[in-house]
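Source file: model_3.txt (compact mmCIF, C-alpha atoms)
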# COMPACT_ATOMS: atom_id res chain seq x y z
CA MET A 1 80.90 65.42 107.00
CA LYS A 2 84.40 64.78 108.28
CA ALA A 3 86.03 67.47 110.39
CA ARG A 4 88.85 67.78 107.86
CA HIS A 5 86.42 68.35 105.00
CA LYS A 6 84.52 70.90 107.03
CA LYS A 7 87.74 72.73 107.76
CA LEU A 8 88.73 72.75 104.09
CA MET A 9 85.31 74.05 103.13
CA LEU A 10 85.49 76.85 105.70
CA ILE A 11 88.96 77.85 104.54
CA GLY A 12 87.54 77.87 101.04
CA ILE A 13 84.73 80.19 102.14
CA ALA A 14 87.23 82.50 103.86
CA LEU A 15 89.44 82.60 100.76
CA ALA A 16 86.44 83.18 98.49
CA GLY A 17 85.32 86.00 100.79
CA ILE A 18 88.71 87.68 100.67
CA GLY A 19 88.81 87.17 96.90
CA ILE A 20 85.42 88.81 96.47
CA ILE A 21 86.55 91.72 98.65
CA ALA A 22 89.68 92.20 96.57
CA ALA A 23 87.72 92.01 93.31
CA LEU A 24 85.17 94.55 94.57
CA VAL A 25 87.87 96.93 95.74
CA LEU A 26 89.78 96.72 92.46
CA ASN A 27 86.60 97.14 90.47
CA ALA A 28 85.61 100.13 92.56
CA PHE A 29 88.97 101.82 92.22
CA GLN A 30 89.07 101.22 88.51
CA SER A 31 85.83 102.81 87.47
CA ASN A 32 83.26 103.34 90.14
CA LEU A 33 84.88 105.63 92.64
CA VAL A 34 83.84 108.40 90.31
CA PHE A 35 80.18 107.51 90.28
CA PHE A 36 79.27 110.43 88.03
CA PHE A 37 80.78 113.42 86.23
CA SER A 38 79.45 116.94 86.49
CA PRO A 39 78.66 118.85 83.26
CA THR A 40 81.73 121.03 83.94
CA GLN A 41 83.95 117.93 84.14
CA VAL A 42 82.42 116.68 80.89
CA ALA A 43 83.10 120.04 79.23
CA GLN A 44 86.72 119.84 80.36
CA GLY A 45 87.02 116.41 78.77
CA GLU A 46 87.42 114.48 82.02
CA ALA A 47 84.65 112.03 81.19
CA PRO A 48 85.54 108.87 79.26
CA THR A 49 84.85 108.98 75.55
CA GLY A 50 83.46 106.12 73.53
CA ARG A 51 81.86 104.30 76.45
CA ALA A 52 78.90 104.79 78.73
CA PHE A 53 79.33 106.89 81.86
CA ARG A 54 77.15 108.81 84.30
CA ILE A 55 76.49 112.50 84.53
CA GLY A 56 75.13 114.13 87.64
CA GLY A 57 73.73 117.52 88.54
CA LEU A 58 70.43 119.30 88.92
CA VAL A 59 67.48 119.05 86.55
CA GLU A 60 67.27 122.57 85.15
CA ALA A 61 64.00 124.27 86.08
CA GLY A 62 61.57 124.38 83.17
CA SER A 63 63.65 122.05 81.02
CA VAL A 64 61.64 118.81 81.33
CA LYS A 65 59.71 118.19 78.12
CA ARG A 66 57.78 115.06 77.26
CA GLN A 67 58.24 114.40 73.58
CA PRO A 68 55.14 114.21 71.33
CA ASP A 69 55.68 110.46 70.86
CA GLY A 70 54.85 110.06 74.56
CA ILE A 71 57.84 107.77 75.17
CA ASN A 72 60.88 109.98 75.19
CA VAL A 73 61.50 112.70 77.71
CA LYS A 74 64.04 115.48 77.36
CA PHE A 75 65.61 117.53 80.11
CA VAL A 76 68.76 119.48 80.85
CA VAL A 77 71.29 118.52 83.55
CA THR A 78 73.16 121.47 84.95
CA ASP A 79 75.72 122.26 87.64
CA THR A 80 74.86 125.96 87.24
CA ALA A 81 78.12 126.53 85.30
CA LYS A 82 77.65 124.11 82.39
CA SER A 83 74.70 122.06 81.22
CA ILE A 84 74.04 119.00 79.11
CA PRO A 85 70.78 118.13 77.30
CA VAL A 86 69.57 114.58 77.99
CA VAL A 87 67.09 112.37 76.19
CA TYR A 88 65.67 109.36 78.03
CA GLN A 89 63.18 106.62 77.34
CA GLY A 90 61.71 104.87 80.37
CA ILE A 91 60.21 105.32 83.81
CA LEU A 92 61.49 108.21 85.87
CA PRO A 93 61.95 107.72 89.64
CA ASP A 94 59.44 109.31 92.02
CA LEU A 95 61.89 111.93 93.20
CA PHE A 96 62.79 113.11 89.69
CA LYS A 97 61.85 116.81 89.77
CA GLU A 98 62.94 120.05 88.23
CA GLY A 99 65.53 121.77 90.38
CA LYS A 100 66.42 118.50 92.14
CA GLY A 101 69.44 116.21 91.87
CA VAL A 102 69.72 113.60 89.14
CA VAL A 103 72.24 111.02 87.92
CA ALA A 104 71.88 109.72 84.35
CA GLU A 105 73.80 106.83 82.81
CA GLY A 106 74.32 106.71 79.07
CA LYS A 107 76.39 107.89 76.15
CA LEU A 108 77.29 111.35 74.97
CA GLY A 109 76.64 111.84 71.26
CA SER A 110 78.88 113.87 68.99
CA ASP A 111 76.08 116.44 68.80
CA GLY A 112 76.36 116.99 72.57
CA LEU A 113 73.10 115.20 73.34
CA PHE A 114 73.34 112.65 76.15
CA THR A 115 71.23 109.55 75.52
CA ALA A 116 70.43 108.02 78.89
CA SER A 117 69.68 104.35 79.50
CA GLN A 118 68.98 104.87 83.21
CA VAL A 119 67.94 107.90 85.23
CA LEU A 120 68.34 107.96 89.02
CA ALA A 121 67.18 110.64 91.43
CA LYS A 122 69.75 111.97 93.89
CA HIS A 123 68.10 113.54 96.90
CA ASP A 124 69.70 115.63 99.63
CA GLU A 125 70.12 114.79 103.32
CA ASN A 126 67.33 117.09 104.55
CA TYR A 127 64.29 115.63 106.25
CA MET A 128 61.39 117.85 107.35
CA PRO A 129 57.63 118.12 107.16
CA PRO A 130 56.16 119.81 104.02
CA GLU A 131 55.06 122.87 106.01
CA ALA A 132 58.62 123.47 107.19
CA ALA A 133 59.94 123.07 103.64
CA HIS A 134 57.31 125.56 102.45
CA ALA A 135 58.20 128.05 105.17
CA LEU A 136 61.88 127.71 104.33
CA GLU A 137 61.14 128.40 100.67
CA GLN A 138 59.10 131.48 101.55
CA ALA A 139 61.87 132.79 103.80
CA GLN A 140 64.41 132.31 101.03
CA LYS A 141 62.22 134.18 98.55
CA ALA A 142 61.71 137.02 101.03
CA GLN A 143 65.44 137.29 101.55
CA GLU A 144 66.06 137.38 97.81
CA THR A 145 63.60 140.27 97.40
CA ILE A 146 65.35 142.19 100.17
CA VAL A 147 68.74 141.67 98.54
CA LYS A 148 67.38 142.87 95.23
CA MET B 1 48.51 111.83 113.98
CA GLN B 2 48.60 111.56 110.22
CA TRP B 3 46.82 108.24 109.67
CA ALA B 4 43.14 108.32 108.74
CA SER B 5 42.63 104.54 108.97
CA VAL B 6 44.44 101.24 109.43
CA ASN B 7 44.60 100.83 105.66
CA ASP B 8 46.10 104.27 105.33
CA PHE B 9 48.73 103.27 107.88
CA LEU B 10 49.51 100.01 106.11
CA SER B 11 49.79 101.54 102.66
CA MET B 12 52.38 104.13 103.84
CA GLY B 13 51.47 106.53 101.07
CA GLY B 14 51.97 103.81 98.46
CA TYR B 15 55.37 102.76 99.83
CA GLY B 16 53.98 100.07 102.16
CA LEU B 17 55.84 97.22 100.51
CA TYR B 18 59.19 98.97 100.90
CA VAL B 19 58.62 100.26 104.44
CA TRP B 20 57.10 97.06 105.85
CA GLY B 21 59.53 94.92 103.87
CA SER B 22 62.30 96.66 105.81
CA TYR B 23 60.70 96.36 109.24
CA VAL B 24 59.51 92.76 108.85
CA VAL B 25 62.97 91.53 107.80
CA MET B 26 64.59 93.48 110.64
CA ALA B 27 62.21 91.87 113.16
CA ALA B 28 62.71 88.39 111.66
CA VAL B 29 66.49 88.66 111.77
CA VAL B 30 66.48 89.81 115.39
CA ILE B 31 64.12 86.99 116.43
CA ILE B 32 66.30 84.44 114.63
CA GLU B 33 69.43 85.76 116.33
CA VAL B 34 67.88 85.56 119.79
CA MET B 35 66.58 82.04 119.11
CA LEU B 36 69.98 80.86 117.88
CA LEU B 37 71.65 82.35 120.95
CA ARG B 38 69.35 80.50 123.34
CA LYS B 39 69.73 77.28 121.40
CA GLY B 40 73.52 77.60 121.36
CA ARG B 41 73.66 78.12 125.11
CA SER B 42 71.41 75.20 125.97
CA GLN B 43 73.34 72.92 123.60
CA THR B 44 76.63 73.92 125.19
CA LEU B 45 75.26 73.34 128.68
CA LYS B 46 73.92 69.91 127.67
CA LEU B 47 77.23 68.94 126.13
CA LEU B 48 79.17 70.04 129.19
CA LYS B 49 76.79 68.12 131.45
CA ARG B 50 77.30 64.95 129.40
CA MET B 51 81.06 65.36 129.56
CA ARG B 52 80.82 65.84 133.29
CA ASN B 53 78.67 62.75 133.82
CA PHE B 54 81.07 60.73 131.71
CA GLU B 55 84.00 61.89 133.82
CA ASN B 56 82.21 61.09 137.05
CA GLU B 57 81.33 57.56 135.93
CA SER B 58 84.79 56.62 134.76
CA MET C 1 92.69 99.69 140.55
CA ALA C 2 94.81 97.28 138.57
CA ILE C 3 93.74 94.45 140.84
CA ASN C 4 90.13 95.42 140.35
CA LEU C 5 90.44 95.38 136.56
CA TYR C 6 92.02 91.95 136.61
CA TYR C 7 89.28 90.82 138.93
CA TYR C 8 86.60 91.77 136.39
CA ALA C 9 88.69 90.52 133.48
CA SER C 10 88.62 87.02 134.95
CA PRO C 11 86.10 84.96 132.97
CA ALA C 12 84.49 83.54 136.12
CA THR C 13 83.66 86.94 137.59
CA PHE C 14 82.65 88.32 134.24
CA TYR C 15 80.31 85.39 133.69
CA GLN C 16 78.44 86.14 136.93
CA LEU C 17 78.36 89.90 136.41
CA SER C 18 77.18 89.77 132.79
CA GLY C 19 74.45 87.31 133.69
CA LYS C 20 72.97 89.94 135.99
CA LEU C 21 73.32 92.74 133.40
CA ILE C 22 71.78 91.04 130.35
CA PRO C 23 68.10 91.40 131.38
CA TRP C 24 68.61 95.10 132.07
CA PHE C 25 70.13 95.77 128.67
CA GLY C 26 67.68 93.49 126.89
CA TRP C 27 64.52 94.94 128.40
CA SER C 28 65.67 98.55 128.01
CA ALA C 29 66.29 97.76 124.35
CA VAL C 30 62.72 96.44 124.00
CA ILE C 31 61.20 99.46 125.75
CA LEU C 32 63.22 101.96 123.73
CA THR C 33 62.32 100.16 120.48
CA VAL C 34 58.62 100.52 121.31
CA ILE C 35 59.09 104.22 122.12
CA GLY C 36 61.22 104.76 119.00
CA LEU C 37 58.69 103.07 116.74
CA TYR C 38 55.87 105.09 118.28
CA ILE C 39 57.74 108.32 117.61
CA GLY C 40 58.72 107.14 114.12
CA PHE C 41 55.25 106.12 112.98
CA PHE C 42 52.85 108.24 115.03
CA MET C 43 54.65 111.43 115.98
CA ALA C 44 57.10 112.09 113.13
CA PRO C 45 55.46 113.89 110.20
CA THR C 46 55.55 113.01 106.52
CA ASP C 47 58.73 114.11 104.75
CA PHE C 48 58.51 116.95 102.21
CA GLN C 49 60.29 115.09 99.41
CA GLN C 50 60.13 111.39 100.22
CA GLY C 51 56.63 111.12 101.67
CA GLU C 52 56.20 108.08 103.95
CA ALA C 53 59.06 106.11 102.39
CA TYR C 54 61.56 108.00 104.54
CA ARG C 55 60.30 106.08 107.62
CA ILE C 56 62.79 103.36 106.68
CA ILE C 57 65.37 105.75 108.16
CA PHE C 58 64.43 104.69 111.71
CA ILE C 59 66.07 101.31 111.17
CA HIS C 60 68.39 102.01 108.23
CA VAL C 61 70.55 104.64 109.91
CA PRO C 62 70.82 102.92 113.34
CA ALA C 63 71.71 99.64 111.58
CA ALA C 64 74.34 101.36 109.42
CA TRP C 65 75.84 103.11 112.45
CA MET C 66 75.95 99.87 114.42
CA SER C 67 77.52 97.98 111.50
CA MET C 68 80.49 100.37 111.57
CA PHE C 69 80.62 100.88 115.33
CA ILE C 70 80.56 97.16 116.18
CA TYR C 71 83.42 96.59 113.76
CA LEU C 72 85.50 99.26 115.50
CA VAL C 73 84.74 97.74 118.91
CA MET C 74 85.75 94.30 117.56
CA ALA C 75 89.01 95.77 116.28
CA PHE C 76 89.55 97.44 119.66
CA TRP C 77 89.12 94.16 121.57
CA GLY C 78 91.29 92.38 119.02
CA ALA C 79 94.06 94.92 119.51
CA ILE C 80 93.77 94.69 123.32
CA GLY C 81 93.91 90.90 123.07
CA LEU C 82 96.99 90.95 120.85
CA ALA C 83 98.73 93.49 123.08
CA PHE C 84 97.92 92.10 126.54
CA LYS C 85 97.07 88.47 125.75
CA THR C 86 93.79 88.76 127.64
CA ARG C 87 91.51 85.81 126.86
CA LEU C 88 88.33 87.69 127.52
CA SER C 89 88.98 90.44 124.97
CA PHE C 90 89.29 87.92 122.12
CA MET C 91 86.05 86.34 123.27
CA MET C 92 84.33 89.74 123.22
CA SER C 93 85.52 90.23 119.66
CA ARG C 94 84.10 86.85 118.63
CA ALA C 95 80.83 87.54 120.41
CA LEU C 96 80.27 90.80 118.54
CA ALA C 97 80.90 89.64 114.96
CA PRO C 98 77.56 87.90 114.19
CA THR C 99 75.58 90.90 115.42
CA GLY C 100 77.78 93.24 113.37
CA ALA C 101 77.13 91.14 110.29
CA LEU C 102 73.41 91.20 111.07
CA PHE C 103 73.31 95.00 111.22
CA THR C 104 75.37 95.28 108.03
CA PHE C 105 72.90 93.03 106.25
CA ILE C 106 69.97 95.09 107.58
CA ALA C 107 71.62 98.34 106.46
CA LEU C 108 72.06 96.92 102.94
CA TRP C 109 68.60 95.36 102.81
CA THR C 110 66.73 98.43 104.02
CA GLY C 111 68.93 100.57 101.78
CA ALA C 112 67.87 98.55 98.74
CA LEU C 113 64.19 98.81 99.69
CA TRP C 114 64.64 102.53 100.17
CA GLY C 115 66.72 103.10 97.06
CA LYS C 116 64.27 101.48 94.67
CA PRO C 117 61.35 103.87 95.18
CA MET C 118 63.45 107.00 95.83
CA TRP C 119 66.50 106.77 93.56
CA GLY C 120 65.01 104.37 91.03
CA ALA C 121 67.45 101.50 91.67
CA TRP C 122 67.79 98.69 94.23
CA TRP C 123 71.53 98.86 94.01
CA VAL C 124 74.26 101.02 92.48
CA TRP C 125 78.00 100.54 92.67
CA ASP C 126 78.81 103.86 94.26
CA ALA C 127 81.52 104.23 96.88
CA ARG C 128 79.15 104.23 99.88
CA LEU C 129 77.20 101.12 98.91
CA THR C 130 80.26 99.21 97.70
CA SER C 131 82.26 99.86 100.87
CA GLU C 132 79.30 98.78 103.04
CA LEU C 133 79.06 95.55 101.03
CA ILE C 134 82.79 95.02 101.60
CA LEU C 135 82.09 95.38 105.33
CA LEU C 136 79.60 92.49 105.14
CA PHE C 137 82.18 90.30 103.40
CA LEU C 138 84.76 91.28 106.02
CA TYR C 139 82.45 90.12 108.82
CA ILE C 140 81.75 86.85 106.99
CA GLY C 141 85.44 86.33 106.20
CA ILE C 142 86.48 86.89 109.82
CA MET C 143 83.83 84.50 111.14
CA ALA C 144 84.80 81.85 108.57
CA LEU C 145 88.43 82.22 109.60
CA TRP C 146 87.55 81.66 113.25
CA ALA C 147 85.45 78.64 112.34
CA ALA C 148 88.24 77.19 110.20
CA ILE C 149 90.97 77.31 112.85
CA ASP C 150 90.42 74.69 115.54
CA ASP C 151 93.03 75.94 117.98
CA PRO C 152 91.25 78.78 119.85
CA GLN C 153 94.42 80.78 120.56
CA ARG C 154 95.65 80.69 116.97
CA GLY C 155 92.16 81.47 115.72
CA ASP C 156 91.92 84.43 118.08
CA ARG C 157 95.15 85.94 116.82
CA ALA C 158 94.47 85.34 113.11
CA GLY C 159 90.94 86.77 113.43
CA ALA C 160 92.17 89.81 115.33
CA LEU C 161 94.79 90.52 112.66
CA LEU C 162 92.24 90.30 109.85
CA THR C 163 89.85 92.51 111.84
CA LEU C 164 92.56 95.14 112.33
CA VAL C 165 93.55 95.14 108.65
CA GLY C 166 89.91 95.48 107.62
CA ALA C 167 89.33 98.41 109.99
CA ILE C 168 90.63 100.73 107.25
CA ASN C 169 87.28 100.15 105.53
CA VAL C 170 85.26 101.88 108.27
CA PRO C 171 86.51 105.45 107.68
CA ILE C 172 86.20 104.75 103.96
CA ILE C 173 82.49 103.96 104.42
CA TYR C 174 81.92 106.95 106.64
CA PHE C 175 83.67 109.55 104.49
CA SER C 176 82.85 108.01 101.08
CA VAL C 177 80.01 110.48 100.55
CA LYS C 178 82.45 113.34 101.08
CA TRP C 179 85.47 112.04 99.23
CA TRP C 180 83.76 110.88 96.06
CA ASN C 181 80.71 111.59 93.93
CA THR C 182 78.13 109.14 95.22
CA LEU C 183 74.44 108.59 94.61
CA HIS C 184 74.02 108.25 98.36
CA GLN C 185 73.44 111.64 99.97
CA GLY C 186 75.68 113.12 102.66
CA ALA C 187 75.22 112.65 106.40
CA SER C 188 72.11 114.20 107.98
CA VAL C 189 73.63 113.91 111.42
CA SER C 190 77.30 114.53 112.15
CA LEU C 191 79.52 116.13 114.75
CA THR C 192 80.54 119.02 112.54
CA LYS C 193 77.17 120.59 111.72
CA ALA C 194 73.63 120.95 112.98
CA PRO C 195 71.44 117.98 111.98
CA SER C 196 69.46 118.56 108.80
CA MET C 197 66.38 116.79 110.10
CA ALA C 198 63.21 117.97 111.79
CA LYS C 199 63.64 117.55 115.55
CA ILE C 200 61.01 114.86 116.13
CA MET C 201 62.36 112.75 113.23
CA LEU C 202 65.84 113.06 114.69
CA ILE C 203 64.65 112.08 118.18
CA GLY C 204 62.90 108.97 116.81
CA MET C 205 66.06 107.96 114.97
CA LEU C 206 68.31 108.51 117.99
CA VAL C 207 65.99 106.52 120.28
CA MET C 208 66.13 103.63 117.80
CA ALA C 209 69.92 103.96 117.66
CA ILE C 210 70.21 103.71 121.45
CA ALA C 211 67.89 100.69 121.38
CA ALA C 212 70.14 99.03 118.78
CA TRP C 213 73.10 99.78 121.03
CA LEU C 214 71.50 98.19 124.09
CA TYR C 215 70.38 95.19 122.04
CA THR C 216 73.94 94.70 120.81
CA ILE C 217 75.32 94.78 124.36
CA ALA C 218 72.71 92.27 125.54
CA VAL C 219 73.26 89.73 122.74
CA ALA C 220 77.05 90.13 122.77
CA LEU C 221 77.13 89.45 126.54
CA TYR C 222 74.84 86.46 126.08
CA ARG C 223 77.09 85.06 123.35
CA VAL C 224 80.29 85.68 125.29
CA ARG C 225 78.89 83.74 128.26
CA THR C 226 78.39 80.67 126.09
CA LEU C 227 81.91 81.12 124.75
CA ILE C 228 83.27 81.36 128.30
CA LEU C 229 81.55 78.08 129.24
CA GLU C 230 83.06 76.33 126.23
CA ARG C 231 86.57 77.62 126.76
CA GLU C 232 86.66 77.26 130.52
CA ARG C 233 84.98 73.87 130.59
CA ASN C 234 87.88 72.27 132.45
CA THR C 235 87.94 74.77 135.29
CA ASP C 236 86.41 74.01 138.65
CA TRP C 237 83.87 76.81 138.56
CA VAL C 238 82.38 75.69 135.24
CA LYS C 239 82.29 72.10 136.42
CA ALA C 240 80.47 73.18 139.58
CA LEU C 241 78.09 75.32 137.55
CA VAL C 242 77.26 72.49 135.15
CA GLU C 243 76.53 70.06 137.96
CA LYS C 244 74.03 72.34 139.62
As structure tokens - that is how I would like this structure written.
Amino acid sequence: MKARHKKLMLIGIALAGIGIIAALVLNAFQSNLVFFFSPTQVAQGEAPTGRAFRIGGLVEAGSVKRQPDGINVKFVVTDTAKSIPVVYQGILPDLFKEGKGVVAEGKLGSDGLFTASQVLAKHDENYMPPEAAHALEQAQKAQETIVK
Amino acid sequence: MQWASVNDFLSMGGYGLYVWGSYVVMAAVVIIEVMLLRKGRSQTLKLLKRMRNFENES
Amino acid sequence: MAINLYYYASPATFYQLSGKLIPWFGWSAVILTVIGLYIGFFMAPTDFQQGEAYRIIFIHVPAAWMSMFIYLVMAFWGAIGLAFKTRLSFMMSRALAPTGALFTFIALWTGALWGKPMWGAWWVWDARLTSELILLFLYIGIMALWAAIDDPQRGDRAGALLTLVGAINVPIIYFSVKWWNTLHQGASVSLTKAPSMAKIMLIGMLVMAIAAWLYTIAVALYRVRTLILERERNTDWVKALVEK
């Protein structure tokens, strides 16, 4: 390959790189900076209507119900102020648990039911052995009883 | 220590593919970088030596 | 003092000095990696929510830290070079870029392998992941720019300018999990609060981070020495060195 051709190719790569960066940034600013909406934001009408979006919050304790057909699963996403019922068909991630974080992508029906096409688990930034987590839980419970 | 056997260690609680897939690629990339560095240096030295010999002859 | 600095900033002196330092940095990196891996796999316990999958953290977080830190150091040397016209600082910047790109790639790769089993997706376009991907393209773009410009001095300046403009991305990566709703969780370790990790897990991660740091210094010095030889090939000291 001639030096001139090599140079042109490299300039091309550099330009393509900058172009990809610009496209990614624009794309991100347009729609993806808000990765998900909380149920409160949805209730206030901040979520887009008529197209798919993501909701995020906690899986309400006791709300996960496998449907009799064995395919669909229903649960409620809550931010403790508002909540949205979700129906989903597919494999749930390993960290999907009641009381834990979740992000669901899909469409909100006129009946208020959110039909999810993808469910992702959102975990927190805590890392500890199970015994420590257990002890922490016990301590929290003990404190709650004292407060009561 | 939490590993009962070598297999237990390798399976990583069922996440072996993900955990070892991370570590193996990390190791490979580091080895490649070090190899490229050594190669680059020896090539440069060879080139400079050739240039030097050429200068001395002419 | 000023004389001393200039003395060490001369490529000839720096070449000799760095040659002596590289083995020290390199071997300490190897030793610390062995210690870090031992802590990570044999001393650190299983995590309460992620099981054994969390052990990816011992390379993911150090790689992600290095990807951002190396970029800032590159920008620093670029700025010094532009301000004081010191040849060596531009060379340092060039020597760091490939390793920065490497760590960015590792952060993304290990993140994907971690995200799939834990979140349920290899990749999502949230602010944290997107800005880290932009960092990889910045590294590649800067290196391509250097490779495309034959005149070293012009290349140095153009690369340094692009590096400085792109530096805005680093705080965006770091604070993305605070500024926007992201799937990626917040920082476990930061200056403003106590780390939310069990102590032994944290120690393993920090040992690996220091190892990554030492490795970076060793390879960057190695690369800068080759660069010095190429750029100073017409000086007497390089000629003497080659003939040995």
Margin query: Report, in Å to a single decimal, how far apart CA of Thr216 (chain C) and CA of Phe103 (chain C) are.
Written below: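 Distance reported for this atom pair: 9.6 Å.
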Next item on the list: Enumerate as number ranges by chain the residues belonging to chain B that approach chain C to within 7 Å, with only C-alpha atoms taken into account.
Entry: B: 1, 12-13, 15, 18-19, 22, 26, 37, 41, 44-45, 48-49
Notebook entry, point to check: For chain A, which residues have at least one atom within 10 Å of chain C, if we go by all atoms listed in the file? Write them as a VMD selection string, please.
Noted result: chain A and resid 3 to 4 6 to 22 24 to 25 27 to 29 31 to 38 56 91 to 97 101 to 103 118 to 134
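Relative to CA of Gly109 (chain A), CA of Ala52 (chain A) is found at 10.5 Å.
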Find the residues around Gly62 (chain A) up to 10 Å (all atoms listed in the file counted), leave out those fewer than 6 positions away in its own chain, and share them as a JSON list (two decimals) with C-alpha atoms, in the frame of the given file.
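Result file is result.json:
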[["chain", "number", "residue", "atom", "x", "y", "z"],
["A", 75, "PHE", "CA", 65.61, 117.53, 80.11],
["A", 76, "VAL", "CA", 68.76, 119.48, 80.85],
["A", 98, "GLU", "CA", 62.94, 120.05, 88.23],
["A", 99, "GLY", "CA", 65.53, 121.77, 90.38]]
